[in-house]
Structure formats: structure tokens, C-alpha cells
file run19.txt (compact mmCIF, C-alpha atoms)
# COMPACT_ATOMS: atom_id res chain seq x y z
CA MET C 22 -24.36 -22.82 17.15
CA LYS C 23 -22.38 -24.95 14.72
CA ASP C 24 -18.74 -24.12 14.08
CA MET C 25 -18.33 -21.91 11.03
CA GLU C 26 -15.46 -20.32 9.16
CA TRP C 27 -14.97 -16.72 10.24
CA PRO C 28 -14.04 -14.00 7.73
CA ALA C 29 -10.39 -13.02 8.18
CA CYS C 30 -11.32 -9.36 8.74
CA LEU C 31 -13.13 -10.01 12.04
CA ASP C 32 -11.28 -9.52 15.31
CA GLU C 33 -12.01 -11.57 18.43
CA TYR C 34 -14.33 -8.95 19.94
CA GLU C 35 -16.44 -8.80 16.79
CA LYS C 36 -16.66 -12.59 16.76
CA LEU C 37 -17.85 -12.51 20.38
CA VAL C 38 -20.53 -9.90 19.58
CA ILE C 39 -21.77 -12.05 16.69
CA ARG C 40 -21.86 -15.21 18.81
CA MET C 41 -23.87 -13.38 21.46
CA ASN C 42 -26.23 -11.83 18.91
CA THR C 43 -26.95 -14.48 16.32
CA PRO C 44 -29.70 -13.07 14.08
CA ARG C 45 -33.18 -13.83 15.35
CA VAL C 46 -35.55 -14.55 12.50
CA VAL C 47 -39.33 -14.72 12.76
CA ILE C 48 -41.54 -15.55 9.78
CA ASP C 49 -45.18 -14.67 10.40
CA ASN C 50 -48.13 -15.51 8.16
CA ALA C 51 -50.84 -14.43 10.61
CA VAL C 52 -50.38 -10.67 11.03
CA CYS C 53 -50.84 -9.44 7.45
CA PRO C 54 -53.61 -10.82 5.20
CA THR C 55 -51.76 -10.13 1.95
CA ALA C 56 -48.08 -10.83 2.68
CA THR C 57 -45.71 -12.91 4.78
CA LEU C 58 -43.75 -10.93 7.37
CA VAL C 59 -40.05 -11.69 7.68
CA LYS C 60 -38.50 -10.11 10.78
CA VAL C 61 -34.73 -9.99 11.35
CA ASP C 62 -33.16 -8.72 14.58
CA SER C 63 -29.37 -8.79 14.88
CA ALA C 64 -26.11 -7.05 15.65
CA ARG C 65 -25.37 -4.43 13.00
CA ARG C 66 -22.45 -4.28 10.63
CA HIS C 67 -21.85 -2.64 7.27
CA GLY C 68 -23.47 -4.62 4.46
CA ILE C 69 -25.73 -6.82 6.57
CA LEU C 70 -28.90 -5.16 5.23
CA LEU C 71 -27.79 -5.93 1.68
CA GLU C 72 -27.19 -9.57 2.58
CA ALA C 73 -30.64 -9.87 4.15
CA VAL C 74 -32.29 -8.37 1.06
CA GLN C 75 -30.14 -10.62 -1.13
CA VAL C 76 -31.50 -13.75 0.57
CA LEU C 77 -35.07 -12.71 -0.31
CA THR C 78 -34.43 -11.48 -3.84
CA ASP C 79 -32.39 -14.55 -4.78
CA LEU C 80 -35.61 -16.50 -4.18
CA ASN C 81 -37.44 -14.13 -6.57
CA LEU C 82 -39.67 -12.88 -3.76
CA LEU C 83 -41.42 -9.54 -4.04
CA ILE C 84 -40.78 -7.11 -1.18
CA LYS C 85 -44.02 -5.12 -1.01
CA LYS C 86 -43.15 -3.17 2.15
CA ALA C 87 -40.17 -2.93 4.47
CA TYR C 88 -39.18 -1.09 7.64
CA ILE C 89 -35.51 -0.86 8.56
CA SER C 90 -34.25 0.60 11.81
CA SER C 91 -30.96 0.50 13.71
CA ASP C 92 -29.98 1.61 17.18
CA GLY C 93 -26.34 1.59 18.19
CA ARG C 94 -24.87 -1.82 17.40
CA PHE C 95 -28.18 -3.47 16.58
CA PHE C 96 -30.69 -3.40 13.75
CA MET C 97 -34.21 -4.66 13.08
CA ASP C 98 -35.76 -5.24 9.66
CA VAL C 99 -39.33 -6.16 8.81
CA PHE C 100 -40.08 -7.25 5.25
CA HIS C 101 -43.54 -7.86 3.77
CA VAL C 102 -42.94 -10.42 1.03
CA THR C 103 -44.95 -12.46 -1.49
CA ASP C 104 -44.12 -14.82 -4.32
CA LEU C 105 -44.16 -13.63 -7.94
CA ASN C 106 -47.90 -14.27 -8.12
CA GLY C 107 -48.58 -12.04 -5.13
CA ASN C 108 -49.31 -14.91 -2.75
CA LYS C 109 -48.10 -15.41 0.82
CA LEU C 110 -45.38 -17.99 1.41
CA THR C 111 -46.74 -21.41 2.34
CA ASP C 112 -44.01 -23.81 1.22
CA GLU C 113 -42.31 -24.99 4.41
CA SER C 114 -39.06 -25.76 2.59
CA VAL C 115 -38.85 -22.14 1.35
CA ILE C 116 -39.66 -20.76 4.80
CA SER C 117 -37.02 -23.01 6.39
CA TYR C 118 -34.43 -21.94 3.81
CA ILE C 119 -35.13 -18.26 4.52
CA GLU C 120 -34.77 -18.81 8.25
CA GLN C 121 -31.49 -20.71 7.95
CA SER C 122 -30.03 -18.24 5.44
CA LEU C 123 -30.93 -15.14 7.43
CA GLU C 124 -29.60 -16.68 10.64
CA THR C 125 -26.13 -16.97 9.04
CA ILE C 126 -25.88 -13.65 7.17
CA HIS C 127 -23.14 -12.45 9.57
CA TYR C 128 -20.78 -14.83 7.76
CA GLY C 129 -21.32 -13.29 4.35
CA ARG C 130 -22.80 -14.75 1.19
CA SER C 131 -21.10 -15.41 -2.13
CA ASN C 132 -21.73 -17.26 -5.35
CA SER C 133 -22.05 -21.01 -5.57
CA PHE C 134 -19.97 -21.14 -8.76
CA ASN C 135 -17.16 -23.17 -7.23
CA GLY C 136 -14.90 -24.85 -9.76
CA LEU C 137 -15.52 -22.27 -12.48
CA THR C 138 -13.59 -19.35 -13.91
CA ALA C 139 -15.35 -15.98 -14.11
CA LEU C 140 -14.78 -13.72 -17.12
CA GLU C 141 -15.64 -10.07 -16.45
CA LEU C 142 -16.28 -7.93 -19.52
CA THR C 143 -17.19 -4.24 -19.88
CA GLY C 144 -17.27 -2.12 -22.99
CA THR C 145 -19.42 -0.31 -25.54
CA ASP C 146 -22.58 -2.18 -26.45
CA ARG C 147 -23.10 -2.94 -30.14
CA VAL C 148 -25.01 -5.34 -32.37
CA GLY C 149 -23.35 -8.76 -32.59
CA LEU C 150 -20.99 -8.28 -29.64
CA LEU C 151 -22.22 -11.28 -27.64
CA SER C 152 -22.15 -13.49 -30.72
CA GLU C 153 -18.49 -12.61 -31.26
CA VAL C 154 -17.66 -13.19 -27.57
CA PHE C 155 -19.18 -16.68 -27.50
CA ALA C 156 -17.58 -17.57 -30.83
CA VAL C 157 -14.15 -16.72 -29.39
CA LEU C 158 -14.84 -18.81 -26.29
CA ALA C 159 -15.85 -21.79 -28.44
CA ASP C 160 -12.66 -21.44 -30.47
CA LEU C 161 -10.60 -21.38 -27.25
CA GLN C 162 -12.24 -24.57 -25.94
CA CYS C 163 -14.12 -22.80 -23.16
CA SER C 164 -17.40 -24.35 -22.04
CA VAL C 165 -19.90 -21.68 -20.94
CA VAL C 166 -21.83 -22.81 -17.86
CA GLU C 167 -23.72 -19.59 -17.17
CA ALA C 168 -23.70 -15.98 -18.27
CA LYS C 169 -25.35 -12.77 -17.12
CA VAL C 170 -25.38 -9.63 -19.22
CA TRP C 171 -26.56 -6.09 -18.49
CA THR C 172 -26.65 -3.10 -20.84
CA HIS C 173 -27.17 0.49 -19.75
CA ASN C 174 -26.55 3.89 -21.36
CA GLY C 175 -24.77 2.30 -24.31
CA ARG C 176 -22.46 0.23 -22.09
CA ILE C 177 -22.36 -3.51 -21.47
CA ALA C 178 -21.24 -5.53 -18.46
CA SER C 179 -21.13 -9.30 -18.49
CA LEU C 180 -20.08 -12.11 -16.17
CA ILE C 181 -19.46 -15.38 -17.99
CA TYR C 182 -18.69 -18.54 -15.98
CA VAL C 183 -16.61 -21.04 -17.92
CA LYS C 184 -14.65 -24.27 -17.56
CA ASP C 185 -12.26 -26.16 -19.80
CA CYS C 186 -14.14 -28.15 -22.47
CA ASN C 187 -11.84 -31.16 -22.24
CA SER C 188 -11.18 -31.54 -18.51
CA GLY C 189 -14.27 -29.87 -17.07
CA SER C 190 -11.99 -28.05 -14.63
CA PRO C 191 -11.61 -24.32 -14.02
CA ILE C 192 -9.19 -22.59 -16.36
CA GLU C 193 -6.03 -21.89 -14.37
CA ASP C 194 -3.23 -22.18 -16.93
CA SER C 195 -1.67 -18.72 -17.18
CA GLN C 196 -0.97 -18.97 -20.91
CA GLN C 197 -4.57 -20.00 -21.64
CA ILE C 198 -5.85 -17.15 -19.48
CA ASP C 199 -3.60 -14.70 -21.36
CA ARG C 200 -4.99 -15.95 -24.69
CA ILE C 201 -8.59 -15.56 -23.48
CA GLU C 202 -7.94 -12.05 -22.17
CA ALA C 203 -6.18 -10.92 -25.35
CA ARG C 204 -8.81 -12.29 -27.75
CA LEU C 205 -11.80 -11.01 -25.80
CA ARG C 206 -10.24 -7.61 -25.18
CA ASN C 207 -9.83 -7.18 -28.95
CA VAL C 208 -13.47 -8.13 -29.48
CA LEU C 209 -14.62 -5.64 -26.85
CA LYS C 210 -12.48 -2.83 -28.25
CA GLY C 211 -13.92 -3.19 -31.74
CA ASP C 212 -13.20 -0.08 -33.78
CA ASN C 213 -14.14 2.64 -31.29
CA ASP C 214 -13.61 1.51 -27.68
CA ILE C 215 -9.85 1.48 -27.35
CA ARG C 216 -9.75 3.11 -23.91
CA SER C 217 -12.69 1.82 -21.90
CA ALA C 218 -13.06 -1.85 -22.92
CA LYS C 219 -11.98 -4.16 -20.10
CA MET C 220 -11.61 -7.90 -19.74
CA THR C 221 -10.42 -9.70 -16.61
CA VAL C 222 -10.37 -13.30 -15.41
CA SER C 223 -11.07 -14.22 -11.79
CA MET C 224 -12.37 -17.01 -9.60
CA ALA C 225 -16.02 -16.26 -8.83
CA VAL C 226 -16.58 -15.13 -5.25
CA THR C 227 -18.82 -12.04 -5.22
CA HIS C 228 -22.57 -12.30 -5.72
CA THR C 229 -23.07 -12.06 -9.50
CA GLU C 230 -25.57 -9.20 -9.63
CA ARG C 231 -23.69 -7.21 -7.03
CA ARG C 232 -20.56 -7.66 -9.13
CA LEU C 233 -22.41 -6.44 -12.25
CA HIS C 234 -23.41 -3.29 -10.35
CA GLN C 235 -19.80 -2.81 -9.26
CA MET C 236 -18.53 -3.28 -12.81
CA MET C 237 -20.93 -0.73 -14.27
CA PHE C 238 -20.24 1.67 -11.41
CA ALA C 239 -16.49 1.39 -12.11
CA ASP C 240 -17.27 1.93 -15.80
CA ARG C 241 -19.06 5.15 -14.78
CA ASP C 242 -22.18 4.33 -16.78
CA TYR C 243 -24.09 6.76 -14.55
CA GLU C 244 -22.26 9.71 -16.16
CA ARG C 245 -23.55 8.93 -19.67
CA MET C 246 -26.87 10.19 -21.00
CA PRO C 247 -29.57 7.52 -20.99
CA VAL C 248 -30.22 5.94 -24.38
CA LEU C 249 -33.97 5.71 -23.64
CA ARG C 250 -35.54 7.96 -21.04
CA HIS C 251 -39.27 7.35 -20.64
CA SER C 252 -40.96 10.10 -18.65
CA THR C 253 -43.25 7.73 -16.73
CA ASP C 254 -40.77 4.95 -15.98
CA TYR C 255 -37.61 6.92 -15.28
CA PRO C 256 -36.81 7.02 -11.54
CA VAL C 257 -37.17 10.23 -9.53
CA VAL C 258 -34.39 10.49 -6.94
CA THR C 259 -33.98 13.27 -4.38
CA VAL C 260 -31.34 13.72 -1.68
CA GLN C 261 -31.63 16.17 1.21
CA ASN C 262 -29.80 16.62 4.49
CA TRP C 263 -31.56 16.48 7.85
CA ALA C 264 -29.10 18.65 9.72
CA ASP C 265 -30.64 18.23 13.18
CA ARG C 266 -30.02 14.47 13.12
CA SER C 267 -26.95 14.40 10.84
CA TYR C 268 -28.70 12.19 8.28
CA SER C 269 -28.96 12.45 4.54
CA VAL C 270 -32.45 11.51 3.37
CA VAL C 271 -32.69 9.71 0.04
CA ASN C 272 -36.04 9.28 -1.69
CA VAL C 273 -36.56 7.09 -4.75
CA GLN C 274 -39.84 6.91 -6.67
CA CYS C 275 -40.11 4.63 -9.68
CA LYS C 276 -41.98 1.76 -11.27
CA ASP C 277 -42.04 -1.25 -8.98
CA ARG C 278 -40.29 -4.43 -10.09
CA THR C 279 -38.48 -7.46 -8.71
CA LYS C 280 -35.08 -6.85 -7.09
CA LEU C 281 -35.59 -3.08 -6.92
CA LEU C 282 -34.67 -2.86 -3.23
CA PHE C 283 -31.59 -5.02 -3.81
CA ASP C 284 -30.35 -2.72 -6.59
CA VAL C 285 -30.74 0.44 -4.52
CA VAL C 286 -29.27 -0.98 -1.28
CA CYS C 287 -26.42 -2.60 -3.22
CA THR C 288 -25.44 0.76 -4.72
CA LEU C 289 -25.62 2.62 -1.39
CA THR C 290 -23.55 -0.10 0.29
CA ASP C 291 -20.85 -0.15 -2.38
CA MET C 292 -20.67 3.65 -2.26
CA GLU C 293 -19.90 3.16 1.47
CA TYR C 294 -23.08 4.63 2.89
CA VAL C 295 -24.78 3.06 5.89
CA VAL C 296 -28.58 2.79 5.97
CA PHE C 297 -29.77 3.56 9.52
CA HIS C 298 -33.49 3.76 8.86
CA ALA C 299 -35.65 3.12 5.82
CA THR C 300 -39.24 2.75 4.72
CA ILE C 301 -40.23 0.95 1.53
CA ASN C 302 -43.79 0.93 0.23
CA THR C 303 -45.50 -0.09 -3.00
CA ALA C 304 -48.83 1.04 -4.37
CA GLY C 305 -50.02 -0.50 -7.60
CA GLU C 306 -47.12 -0.34 -10.03
CA ARG C 307 -45.22 2.36 -8.13
CA ALA C 308 -42.55 1.98 -5.46
CA TYR C 309 -41.59 4.56 -2.84
CA LEU C 310 -38.29 4.14 -1.00
CA GLU C 311 -36.91 6.42 1.71
CA PHE C 312 -33.49 5.95 3.30
CA TYR C 313 -31.74 7.76 6.14
CA ILE C 314 -28.03 7.35 5.48
CA ARG C 315 -24.60 8.43 6.61
CA HIS C 316 -21.06 7.73 5.53
CA ILE C 317 -19.29 4.89 7.32
CA ASP C 318 -17.59 7.53 9.49
CA GLY C 319 -21.00 8.81 10.64
CA THR C 320 -21.20 12.01 8.58
CA PRO C 321 -23.96 12.96 6.11
CA ILE C 322 -23.46 13.97 2.48
CA SER C 323 -21.33 17.09 2.59
CA SER C 324 -21.36 18.76 -0.83
CA GLU C 325 -23.55 19.44 -3.86
CA PRO C 326 -21.31 17.42 -6.24
CA GLU C 327 -21.59 14.42 -3.89
CA ARG C 328 -25.37 14.83 -3.73
CA GLN C 329 -25.62 14.89 -7.53
CA ARG C 330 -23.38 11.82 -7.77
CA VAL C 331 -25.64 9.87 -5.41
CA ILE C 332 -28.67 10.84 -7.52
CA GLN C 333 -26.95 9.78 -10.75
CA CYS C 334 -25.75 6.48 -9.29
CA LEU C 335 -29.16 5.54 -7.93
CA GLU C 336 -30.86 6.44 -11.22
CA ALA C 337 -28.38 4.15 -12.95
CA ALA C 338 -28.88 1.36 -10.39
CA VAL C 339 -32.63 1.38 -11.01
CA GLY C 340 -32.23 1.58 -14.79
CA ARG C 341 -29.71 -1.21 -15.36
CA ARG C 342 -32.41 -3.88 -15.55
CA ALA C 343 -34.57 -1.88 -17.97
CA SER C 344 -33.16 -3.20 -21.28
CA GLU C 345 -34.88 -6.59 -21.32
CA VAL C 346 -36.50 -6.31 -24.76
CA TYR C 347 -33.28 -5.36 -26.51
CA MET C 348 -31.28 -8.00 -24.69
CA CYS C 349 -33.79 -10.73 -25.48
CA VAL C 350 -33.32 -10.06 -29.20
CA CYS C 351 -29.53 -10.18 -28.87
CA VAL C 352 -29.52 -13.42 -26.90
CA TYR C 353 -32.02 -15.07 -29.26
CA ILE C 354 -29.62 -14.47 -32.13
CA VAL C 355 -26.67 -15.84 -30.16
CA ILE C 356 -28.50 -18.99 -29.12
CA SER C 357 -29.76 -19.66 -32.64
CA GLN C 358 -26.23 -19.47 -34.02
CA LEU C 359 -24.24 -20.97 -31.14
CA ASP C 360 -26.65 -23.20 -29.25
CA TYR C 361 -23.87 -25.72 -28.65
CA ILE C 362 -22.06 -23.15 -26.50
CA ILE C 363 -24.66 -21.50 -24.28
CA TYR C 364 -26.33 -23.38 -21.46
CA ASN C 365 -28.05 -20.49 -19.66
CA VAL C 366 -28.24 -16.75 -20.16
CA TYR C 367 -30.23 -15.01 -17.45
CA LEU C 368 -31.95 -11.71 -18.15
CA ILE C 369 -33.40 -10.29 -14.95
call {"tool": "encode", "arguments": {"input": "run19.txt", "output": "C-alpha cells"}}
result
Amino acid sequence: MKDMEWPACLDEYEKLVIRMNTPRVVIDNAVCPTATLVKVDSARRHGILLEAVQVLTDLNLLIKKAYISSDGRFFMDVFHVTDLNGNKLTDESVISYIEQSLETIHYGRSNSFNGLTALELTGTDRVGLLSEVFAVLADLQCSVVEAKVWTHNGRIASLIYVKDCNSGSPIEDSQQIDRIEARLRNVLKGDNDIRSAKMTVSMAVTHTERRLHQMMFADRDYERMPVLRHSTDYPVVTVQNWADRSYSVVNVQCKDRTKLLFDVVCTLTDMEYVVFHATINTAGERAYLEFYIRHIDGTPISSEPERQRVIQCLEAAVGRRASEVYMCVCVYIVISQLDYIIYNVYLI
């Protein structure tokens, strides 16, 4: 195995375990007639399931079925995946990329936005907010390289990756950063969001969509009443304890879509739950997800308030990508007025 940089948090024993148990990845196109099987067998650690799912969803692959199981220090995942058209994977370059990426998930995965400055914004959503944000950035000589925006329950979270217009370098001057923070914080506050509007500047390291989940979770969007709650599309989440095995069993039923498994696993991981076993299945337009979880310390969910919080957070995690129509209108207006600023705005 090639030399790699180890995360600082790993001790020598953990490094040894990883070296001895490099993930084994098998990609099989023969077993299932309708999907490609991706099998991952490796030493277990907190967050590794999320990283495996992240590899697949970053390629916009559909996970039609999945079986997750762990035993002691080891885990095994089997994913049934297709492309967006429902076809099996045949491109050898894609298959090779999946193999190489999954074989190195023990080392963690982050963004590839090196050399950029990340602006993190949360606040109350309103008409014209993005237009005002990009106008301020243009005035401050910030070149927008990429931006991702989510809205949910009347709240907005955005990650905007910028560089200096003149030098093309990341923005590191403390006075310039202070000016950006002050101007954008005033825009976010508007007339009625004095307390909850937030604006921070950081160097991009965390996976963008995971960071958006974290930002909305910190903003407690899950505690607000949904703006639109369609009876057929709204997720149904239940949480029960299996006392004999000390597991909490989480069931999610909702409309199937891309990146659904990522959103649910991301939320459970960031809430510091460990997924020991799981079954994911899709039928038509519906998805059925079942997880057997515990806290990191090995205990199940212990109280009714905690159970309700898990339900609320998972409902929010599923619903955060459900505002595409509204967001498309907003971004169309921004691009038409400020097309010299925006290079890409992704709505997923």
C-alpha cells in the first residue's frame, strides 16, 4: 500500500488495524440483472459508512438496495447501484474510480476546493436574499467560483466558495474578511432576523453537502413547522427500541430520490449514532430504510424527548432537498441580473 497521510486523531494501534484491514472492494455486474453490486468489507470506525455512501452519491449513482452489517471491529456493505437512467455500470473508468475511492475511505474524504475561501451563511429565507448576497460579493471584489444553497422550513443555508478577483488567491487578509462578514451579516439579518442570522468565513475542508446538513442542524431548522407539507411526499419516520439486543430501530419511508441514503446516514452520523445493521429497499417511487443504531458508547435511545428529536431531525434531513422549484426561480433571477458573478449554482 502506498504511503498516505494519517489523520492526527489516529493512534499507532488504529493505524496498524487499518493497514491490516485495507477495505476490500468487489464490483460485480453478473449477480443482479438490474443493478451493479458494490461490496465493501473493512475494519469499522465511526463515519466510515457515510464515507462509502458519499463516494457513490458524489457520482450521482442511484442506490436501489443496500445491506449493511457489522460484527465487532468489522463491517460489510452491499450496495445495488445504477446510473441516473437506471442502467448498470459499464464504464471501466467509473468502476475503477469507485474501487480506488472505496479502498481509501479509512483516510477520510473532504472537498477539492483547495485555494478557495468558504463563506457559510444561515438565516431567514426571503425573496431577493441571494441577489443581495451576490451583489455585496461583487462590490467587495470577490469572485464566486461555486455556490450551493438549501432552503427548508423558512430557513436558508448556503456555502459560497470565493477567491480574490484581482489575484485569484484565497481571501486571507483579516481586514477584508471582517468587511465581508460585516456586510453579509447585515444582509442576512434584514429587518427581522437579528438573532439567528450567521455568517462565517473558513477554508473549505468538510464535504459541502454534509456541511450544509450540519449548518441547518445547528440552526435547528427541524424544530420549525414545515412551510409545505404534502401528505404523500412527507417522510414517515418511526423509532423503537429493541430491548433484547440493545438497539434502537429507525424506519424511514418516503419518496425515493437521489442522495436519500446519504442524507439520512449523514444526519445519524453527525448526531453521533452508529449504524450497526441496515436494510434499504426501493419499490417504484418509494424508499424503505431500516437502521439498527446505538450511541457511540453502545447504548440505545434512552428517552422519549430523544426519540422525538431523532424523528424530527430525520424528517428535516429528507426534506432539505425538496425546495427545488422555488430555488430554481430564485437562482434564475440572480443569474439574469448578476451573470458576471456566478459561475455555478448547484441545486440538488
call {"tool": "closest_residue", "arguments": {"input": "run19.txt", "among": "C:Leu70, C:Val295, C:Cys334, C:Ala304", "to": "C:Pro321", "atoms": "all atoms listed in the file"}}
result
C:Val295
call {"tool": "closest_residue", "arguments": {"input": "run19.txt", "among": "C:Arg200, C:His234, C:Arg176, C:Arg315", "to": "C:Ser217", "atoms": "all atoms listed in the file"}}
result
C:Arg176
call {"tool": "residues_around", "arguments": {"input": "run19.txt", "residues": "C:Leu281", "least_positions_apart": "4", "cutoff": "12 Å", "atoms": "only C-alpha atoms", "output": "ChimeraX atom specification"}}
result
/C:71,74-75,77-78,81-86,256,273-277,285-288,301-303,307-310,335-343,369
call {"tool": "atom_distance", "arguments": {"input": "run19.txt", "atom1": "atom CA of C:Asn272", "atom2": "atom CA of C:Val257"}}
result
8.0 Å
call {"tool": "atom_distance", "arguments": {"input": "run19.txt", "atom1": "atom CA of C:Leu140", "atom2": "atom CA of C:Gly189"}}
result
16.2 Å
call {"tool": "residues_around", "arguments": {"input": "run19.txt", "residues": "C:Asn50", "least_positions_apart": "2", "cutoff": "10 Å", "atoms": "all atoms listed in the file", "output": "VMD selection string"}}
result
chain C and resid 47 to 48 52 to 59 101 109 to 111
call {"tool": "residues_around", "arguments": {"input": "run19.txt", "residues": "C:Ser323", "least_positions_apart": "6", "cutoff": "10 Å", "atoms": "only C-alpha atoms", "output": "ChimeraX atom specification"}}
result
/C:262,269,316
call {"tool": "closest_residue", "arguments": {"input": "run19.txt", "among": "C:Glu72, C:Glu311, C:Asp199, C:Asp62", "to": "C:Phe96", "atoms": "all atoms listed in the file"}}
result
C:Asp62
call {"tool": "closest_residue", "arguments": {"input": "run19.txt", "among": "C:Ala73, C:Ile177, C:Met236, C:Val46", "to": "C:Phe283", "atoms": "all atoms listed in the file"}}
result
C:Ala73
call {"tool": "atom_distance", "arguments": {"input": "run19.txt", "atom1": "atom CA of C:Ala178", "atom2": "atom CA of C:Glu141"}}
result
7.5 Å
call {"tool": "closest_residue", "arguments": {"input": "run19.txt", "among": "C:Asp98, C:Val170, C:Gly68, C:Gln235", "to": "C:Tyr294", "atoms": "all atoms listed in the file"}}
result
C:Gly68
